[in-house]
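Shown here: my_file-v8.cif, mmCIF, C-alpha atoms and all ligand atoms.
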data_data
loop_
_atom_site.label_atom_id
_atom_site.label_comp_id
_atom_site.auth_asym_id
_atom_site.auth_seq_id
_atom_site.Cartn_x
_atom_site.Cartn_y
_atom_site.Cartn_z
CA MET A 1 -32.74 30.33 -36.28
CA ASN A 2 -33.65 33.97 -36.46
CA PRO A 3 -30.32 35.78 -36.43
CA ALA A 4 -31.35 39.10 -37.94
CA GLY A 5 -34.45 39.43 -35.80
CA SER A 6 -37.15 39.26 -38.48
CA LYS A 7 -40.41 37.34 -38.16
CA GLY A 8 -39.89 34.12 -40.12
CA LYS A 9 -37.61 31.27 -39.18
CA ILE A 10 -34.91 30.03 -41.49
CA ASP A 11 -34.83 26.23 -41.72
CA LEU A 12 -31.14 25.45 -41.33
CA GLU A 13 -31.66 21.99 -42.85
CA ARG A 14 -32.83 23.50 -46.15
CA LEU A 15 -30.41 26.32 -46.76
CA PRO A 16 -29.48 27.15 -50.34
CA SER A 17 -26.03 25.60 -50.88
CA HIS A 18 -24.98 28.38 -53.19
CA ILE A 19 -26.21 31.99 -53.17
CA ALA A 20 -25.25 34.29 -56.05
CA ILE A 21 -25.75 38.04 -55.81
CA ILE A 22 -25.83 40.82 -58.40
CA MET A 23 -24.74 43.73 -56.21
CA ASP A 24 -26.34 46.71 -57.90
CA GLY A 25 -27.26 50.29 -57.04
CA ASN A 26 -24.05 51.81 -55.63
CA GLY A 27 -24.13 54.69 -58.10
CA ARG A 28 -27.79 55.55 -57.45
CA TRP A 29 -27.23 55.35 -53.69
CA ALA A 30 -24.39 57.88 -53.95
CA ARG A 31 -26.42 60.10 -56.26
CA GLN A 32 -29.27 60.22 -53.74
CA LYS A 33 -26.75 61.56 -51.27
CA MET A 34 -25.33 64.02 -53.85
CA ARG A 35 -21.98 62.27 -53.64
CA PRO A 36 -19.71 60.87 -56.41
CA ARG A 37 -20.35 57.28 -57.59
CA ILE A 38 -17.10 56.10 -55.97
CA TYR A 39 -18.56 56.99 -52.57
CA GLY A 40 -21.30 54.46 -53.31
CA HIS A 41 -18.74 51.79 -54.21
CA HIS A 42 -16.92 52.34 -50.90
CA ALA A 43 -20.23 51.96 -49.06
CA GLY A 44 -20.93 48.82 -51.13
CA VAL A 45 -17.80 47.15 -49.76
CA LYS A 46 -19.20 47.47 -46.22
CA THR A 47 -22.27 45.57 -47.41
CA VAL A 48 -19.99 42.87 -48.83
CA ASP A 49 -18.47 42.49 -45.34
CA ARG A 50 -21.92 42.21 -43.75
CA VAL A 51 -23.16 39.69 -46.27
CA VAL A 52 -20.04 37.51 -46.11
CA THR A 53 -20.17 37.49 -42.30
CA TYR A 54 -23.85 36.64 -42.21
CA CYS A 55 -23.69 33.87 -44.83
CA ARG A 56 -20.68 32.29 -43.14
CA LYS A 57 -22.45 32.40 -39.75
CA LEU A 58 -25.57 30.84 -41.23
CA GLY A 59 -23.62 27.98 -42.83
CA ILE A 60 -23.98 28.84 -46.52
CA LYS A 61 -21.34 26.77 -48.37
CA ALA A 62 -20.89 28.98 -51.45
CA LEU A 63 -21.42 32.69 -52.02
CA THR A 64 -20.73 34.28 -55.41
CA LEU A 65 -20.72 38.05 -55.81
CA TYR A 66 -20.92 39.81 -59.17
CA SER A 67 -18.26 42.46 -58.58
CA PHE A 68 -17.18 43.67 -62.02
CA SER A 69 -18.65 42.58 -65.33
CA SER A 70 -16.91 42.28 -68.70
CA GLU A 71 -19.19 45.16 -69.77
CA ASN A 72 -18.14 47.33 -66.80
CA TRP A 73 -14.79 47.95 -68.57
CA SER A 74 -16.74 50.51 -70.67
CA ARG A 75 -17.38 52.74 -67.64
CA PRO A 76 -15.41 56.00 -67.30
CA PRO A 77 -11.70 55.19 -66.74
CA ASP A 78 -11.56 56.93 -63.34
CA GLU A 79 -14.44 54.80 -62.06
CA VAL A 80 -12.79 51.62 -63.40
CA SER A 81 -9.48 52.43 -61.73
CA ALA A 82 -11.19 53.34 -58.47
CA LEU A 83 -12.98 49.97 -58.52
CA MET A 84 -9.66 48.16 -59.07
CA GLY A 85 -8.19 50.05 -56.12
CA ILE A 86 -11.17 49.15 -53.94
CA LEU A 87 -10.78 45.48 -54.91
CA HIS A 88 -7.11 45.56 -53.98
CA GLU A 89 -7.76 47.21 -50.60
CA TYR A 90 -10.54 44.71 -49.90
CA LEU A 91 -8.29 41.72 -50.53
CA ILE A 92 -5.44 43.06 -48.41
CA ARG A 93 -7.81 43.89 -45.58
CA GLU A 94 -9.89 40.69 -45.67
CA LEU A 95 -7.13 38.10 -46.02
CA ASN A 96 -6.73 37.55 -42.27
CA ARG A 97 -10.45 37.29 -41.77
CA MET A 98 -10.79 34.71 -44.55
CA VAL A 99 -8.01 32.66 -43.01
CA ALA A 100 -9.55 32.93 -39.51
CA GLU A 101 -13.08 32.11 -40.67
CA ASP A 102 -12.16 29.16 -42.89
CA ILE A 103 -13.27 30.91 -46.10
CA ARG A 104 -11.78 29.81 -49.41
CA PHE A 105 -11.32 32.68 -51.85
CA ASN A 106 -12.04 32.06 -55.51
CA THR A 107 -12.66 34.08 -58.67
CA ILE A 108 -14.45 33.60 -61.98
CA GLY A 109 -13.99 35.73 -65.09
CA SER A 110 -11.14 36.89 -67.30
CA ILE A 111 -8.90 38.01 -64.46
CA GLU A 112 -5.87 38.23 -66.75
CA LEU A 113 -7.41 41.55 -67.87
CA LEU A 114 -7.11 43.04 -64.37
CA PRO A 115 -4.12 45.26 -63.48
CA ASP A 116 -1.08 43.46 -62.04
CA PHE A 117 -1.50 44.78 -58.49
CA ALA A 118 -5.03 43.35 -58.32
CA ARG A 119 -4.02 40.02 -59.87
CA ASN A 120 -1.12 39.64 -57.46
CA ALA A 121 -3.39 40.22 -54.46
CA ILE A 122 -5.92 37.74 -55.89
CA SER A 123 -3.35 35.00 -56.31
CA ASP A 124 -1.91 35.65 -52.83
CA VAL A 125 -5.33 35.41 -51.13
CA LYS A 126 -6.23 32.33 -53.18
CA LYS A 127 -3.02 30.60 -52.19
CA LYS A 128 -3.39 31.41 -48.50
CA THR A 129 -7.00 30.21 -48.33
CA GLU A 130 -6.93 27.26 -50.72
CA GLY A 131 -7.27 24.62 -48.01
CA ASN A 132 -10.28 26.28 -46.36
CA THR A 133 -13.59 24.44 -46.45
CA GLY A 134 -16.09 26.50 -44.40
CA MET A 135 -17.41 28.56 -47.31
CA THR A 136 -16.23 29.36 -50.83
CA LEU A 137 -16.38 33.08 -51.54
CA THR A 138 -16.22 33.67 -55.30
CA LEU A 139 -15.85 37.13 -56.78
CA ALA A 140 -16.92 37.45 -60.42
CA LEU A 141 -14.33 39.84 -61.86
CA SER A 142 -14.15 40.93 -65.47
CA TYR A 143 -16.87 38.31 -65.76
CA GLY A 144 -19.44 37.79 -68.49
CA GLY A 145 -21.55 34.67 -68.91
CA ARG A 146 -21.19 34.68 -72.70
CA ASP A 147 -17.45 35.21 -72.47
CA GLU A 148 -17.19 32.27 -70.04
CA ILE A 149 -19.24 30.00 -72.32
CA LEU A 150 -17.12 30.96 -75.33
CA ARG A 151 -13.87 30.31 -73.45
CA ALA A 152 -15.16 26.90 -72.32
CA THR A 153 -16.20 26.06 -75.88
CA GLN A 154 -12.78 27.01 -77.23
CA LYS A 155 -11.08 24.91 -74.56
CA LEU A 156 -13.15 21.85 -75.46
CA ALA A 157 -12.78 22.41 -79.21
CA GLN A 158 -9.00 22.64 -78.82
CA ALA A 159 -8.97 19.43 -76.77
CA ALA A 160 -11.07 17.74 -79.48
CA CYS A 161 -8.65 18.91 -82.21
CA ARG A 162 -5.76 17.41 -80.25
CA GLY A 163 -7.73 14.15 -80.07
CA GLU A 164 -8.01 14.34 -76.28
CA ILE A 165 -11.80 14.35 -76.22
CA ASP A 166 -14.45 12.83 -78.44
CA PRO A 167 -16.91 15.64 -79.41
CA SER A 168 -19.85 13.29 -78.85
CA ALA A 169 -18.68 12.83 -75.24
CA ILE A 170 -19.29 16.52 -74.47
CA ASP A 171 -22.34 16.34 -72.22
CA GLU A 172 -23.60 18.80 -69.59
CA SER A 173 -21.20 17.59 -66.95
CA VAL A 174 -18.13 17.80 -69.24
CA PHE A 175 -19.19 21.28 -70.34
CA ALA A 176 -19.80 22.45 -66.77
CA LYS A 177 -16.26 21.32 -65.86
CA ALA A 178 -14.84 23.55 -68.60
CA LEU A 179 -16.55 26.63 -67.15
CA ASP A 180 -14.90 28.95 -64.61
CA THR A 181 -17.33 27.66 -61.97
CA SER A 182 -16.04 24.08 -62.25
CA GLY A 183 -16.34 22.43 -58.83
CA LEU A 184 -19.04 24.80 -57.54
CA PRO A 185 -22.66 23.66 -57.39
CA ASP A 186 -25.09 25.72 -59.50
CA PRO A 187 -26.60 28.62 -57.52
CA ASP A 188 -29.87 27.72 -55.79
CA LEU A 189 -30.76 31.33 -55.16
CA LEU A 190 -29.98 34.48 -57.14
CA ILE A 191 -30.48 37.86 -55.48
CA ARG A 192 -30.36 41.18 -57.34
CA THR A 193 -30.60 44.51 -55.58
CA SER A 194 -31.67 47.96 -56.82
CA GLY A 195 -34.93 47.00 -58.50
CA GLU A 196 -33.47 45.97 -61.86
CA LEU A 197 -35.13 42.83 -63.23
CA ARG A 198 -32.37 41.43 -65.41
CA ILE A 199 -29.42 39.04 -65.35
CA SER A 200 -26.87 41.35 -67.02
CA ASN A 201 -24.76 38.49 -68.41
CA PHE A 202 -24.27 36.77 -65.03
CA LEU A 203 -23.88 32.96 -64.79
CA LEU A 204 -25.97 32.29 -67.89
CA TRP A 205 -25.38 28.54 -67.86
CA GLN A 206 -25.43 28.04 -64.10
CA LEU A 207 -28.65 29.93 -63.31
CA ALA A 208 -30.78 27.50 -65.36
CA TYR A 209 -32.81 26.44 -62.31
CA ALA A 210 -31.96 29.07 -59.71
CA GLU A 211 -34.75 30.69 -57.73
CA MET A 212 -34.79 34.46 -58.29
CA SER A 213 -35.14 37.13 -55.66
CA PHE A 214 -35.29 40.80 -56.61
CA THR A 215 -35.31 43.64 -54.12
CA GLU A 216 -35.66 47.40 -54.51
CA ARG A 217 -32.99 47.90 -51.84
CA LEU A 218 -29.83 49.58 -53.17
CA TRP A 219 -26.70 47.52 -52.49
CA PRO A 220 -25.17 49.83 -49.81
CA ASP A 221 -28.44 49.57 -47.83
CA PHE A 222 -28.74 45.79 -48.20
CA GLY A 223 -28.37 43.87 -44.93
CA GLU A 224 -28.93 40.73 -42.92
CA ALA A 225 -32.70 41.12 -42.82
CA ASP A 226 -32.78 41.31 -46.64
CA ILE A 227 -30.81 38.08 -47.13
CA GLU A 228 -32.95 36.45 -44.51
CA GLU A 229 -36.08 37.53 -46.39
CA ALA A 230 -34.66 36.13 -49.64
CA ILE A 231 -33.81 32.79 -47.97
CA LEU A 232 -37.25 32.56 -46.36
CA SER A 233 -38.91 33.21 -49.71
CA TYR A 234 -36.64 30.55 -51.28
CA GLN A 235 -37.65 28.05 -48.60
CA ASN A 236 -41.34 28.67 -49.29
CA ARG A 237 -41.07 27.77 -52.96
CA GLU A 238 -41.46 24.41 -54.61
CA ARG A 239 -38.56 23.61 -56.92
CA ARG A 240 -39.95 21.24 -59.52
CA PHE A 241 -37.13 21.00 -62.08
CA GLY A 242 -39.67 20.29 -64.78
CA LYS A 243 -41.57 17.62 -62.84
CA THR A 244 -45.10 17.78 -61.42
CA THR A 245 -46.01 18.74 -57.85
CA ASP A 246 -47.18 15.17 -57.16
CA GLN A 247 -43.86 13.75 -58.29
CA ILE A 248 -41.92 16.17 -56.13
CA ARG A 249 -44.01 15.43 -53.03
CA THR A 250 -43.60 11.68 -53.28
CA GLU A 251 -39.85 11.75 -53.89
C1 LIG B 301 -22.97 48.06 -58.77
O1 LIG B 301 -23.45 49.35 -58.66
C2 LIG B 301 -21.45 47.99 -58.73
C3 LIG B 301 -20.83 47.66 -60.01
C4 LIG B 301 -21.44 47.35 -61.13
C5 LIG B 301 -19.38 47.67 -60.05
P1 LIG B 301 -23.55 50.31 -59.91
O2 LIG B 301 -22.25 51.05 -60.04
O3 LIG B 301 -23.98 49.58 -61.13
O4 LIG B 301 -24.70 51.31 -59.44
P2 LIG B 301 -25.87 51.91 -60.32
O5 LIG B 301 -26.56 50.77 -61.00
O6 LIG B 301 -25.23 52.86 -61.29
O7 LIG B 301 -26.74 52.58 -59.32
C1 LIG B 302 -24.20 44.22 -63.16
O1 LIG B 302 -24.53 45.52 -62.82
C2 LIG B 302 -22.74 43.99 -62.89
C3 LIG B 302 -22.34 43.99 -61.49
C4 LIG B 302 -23.14 44.05 -60.46
C5 LIG B 302 -20.93 43.85 -61.27
P1 LIG B 302 -24.59 46.67 -63.93
O2 LIG B 302 -25.00 47.90 -63.22
O3 LIG B 302 -23.32 46.73 -64.68
O4 LIG B 302 -25.74 46.13 -64.89
P2 LIG B 302 -26.65 46.88 -65.97
O5 LIG B 302 -25.73 47.65 -66.86
O6 LIG B 302 -27.56 47.80 -65.22
O7 LIG B 302 -27.40 45.80 -66.66
MG MG B 303 -25.76 49.15 -61.94
#

Will you turn the file into structure tokens for me?
Ligand code: IPE
Ligand code: IPE
Ligand code: MG
Amino acid sequence: MNPAGSKGKIDLERLPSHIAIIMDGNGRWARQKMRPRIYGHHAGVKTVDRVVTYCRKLGIKALTLYSFSSENWSRPPDEVSALMGILHEYLIRELNRMVAEDIRFNTIGSIELLPDFARNAISDVKKKTEGNTGMTLTLALSYGGRDEILRATQKLAQAACRGEIDPSAIDESVFAKALDTSGLPDPDLLIRTSGELRISNFLLWQLAYAEMSFTERLWPDFGEADIEEAILSYQNRERRFGKTTDQIRTE
């Protein structure tokens, strides 16, 4: 399959099950155009539409987008409220499409910190798409990896205090179930745009063995050909999970 018209061929039998993306560079994109940062965020939403459409068409089962970090609350208040408004508009506009395209909507992060109008739209879209199985679209909102790990730890510690769980029974699988991403496979592929080479507190537990793909492209300019390039690069790598090449090849 070669949907975006680039040179390589994506092997549809070896797609990453879960792609996670750090959508970065909206502000710099706007600045290059001498426009306010919010203009870049509006343009970034169009990229979200393109990426969701393309991943769904390709058959990706889970797509997780880093949309607003726990640290992003420290941005100027007018930027924060514009981002909440953009989120709300996005959910209202995309609900029908998610229903029609069999996309289940999900969130991770401390969404209780979001304003009521955004939380109401989130719960409405979740409810109306909960039975969908084509692809799970997860938005990370008010999300921080450390915050998520702490909340999971508190949950398990409280269960242990109540005598509901034996502390020595807390293994990786029990811990993973206490995280916001419970039920989702770990990401196979992480993409970050805008040339930054860092994780910025995203999915700290879950990215343990993800393949990384960094691109200079700013998020509003990111498109089908860029995801395709990231998937092709992913398919050309050998994932060893600590083993040797010989072991992997004879499995
Ligand atoms: C990503 O773009 C969007 C969010 C973090 C909400 P930025 O707003 O971080 O853009 P830059 O990094 O300033 O260019
Ligand atoms: C990471 O981008 C968060 C999101 C994409 C939502 P930032 O722009 O906030 O990250 P830093 O501050 O450059 O690390
Ligand atoms: Mg940024």

Residues within 7 Å of A:Leu95, all atoms listed in the file, excluding chain neighbours under 4 positions, as a list of chain:residue names: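 Listed by chain and then number, they are A:Leu91, A:Val99, A:Val125.
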
Distance in Å - atom CA of A:Trp205 versus atom CA of A:Lys61: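 That distance, rounded to one decimal, is 20.0 Å.
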
Distance in Å - atom O5 of ligand LIG 301 (chain B) versus atom CA of A:Ser213: 17.0 Å

Contacts of ligand LIG 302 (chain B), 6 Å or closer, only C-alpha atoms and all ligand atoms, given as a list in words: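 These are the residues that qualify: Ile22, Met23, Asp24, Tyr66, Ser67, Phe68, Ser69, Asn72 and Ser200 of chain A.
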
Env. residues ligand MG 303 (chain B) / 12 Å / all atoms listed in the file / as a PyMOL selection string: chain A and resi 22-30+37+40-41+44+66-69+71-72+75+192-200+218-219

Among the residues A:Ile92, A:Ile191, A:Ile122, A:Ile248, the one that comes closest to A:Leu139 [using only C-alpha atoms]: A:Ile122

Between atom CA of A:Ile38 and atom CA of A:Ile19, distance in Å (one decimal):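 Separating atom CA of A:Ile38 from atom CA of A:Ile19 is a distance of 25.9 Å.
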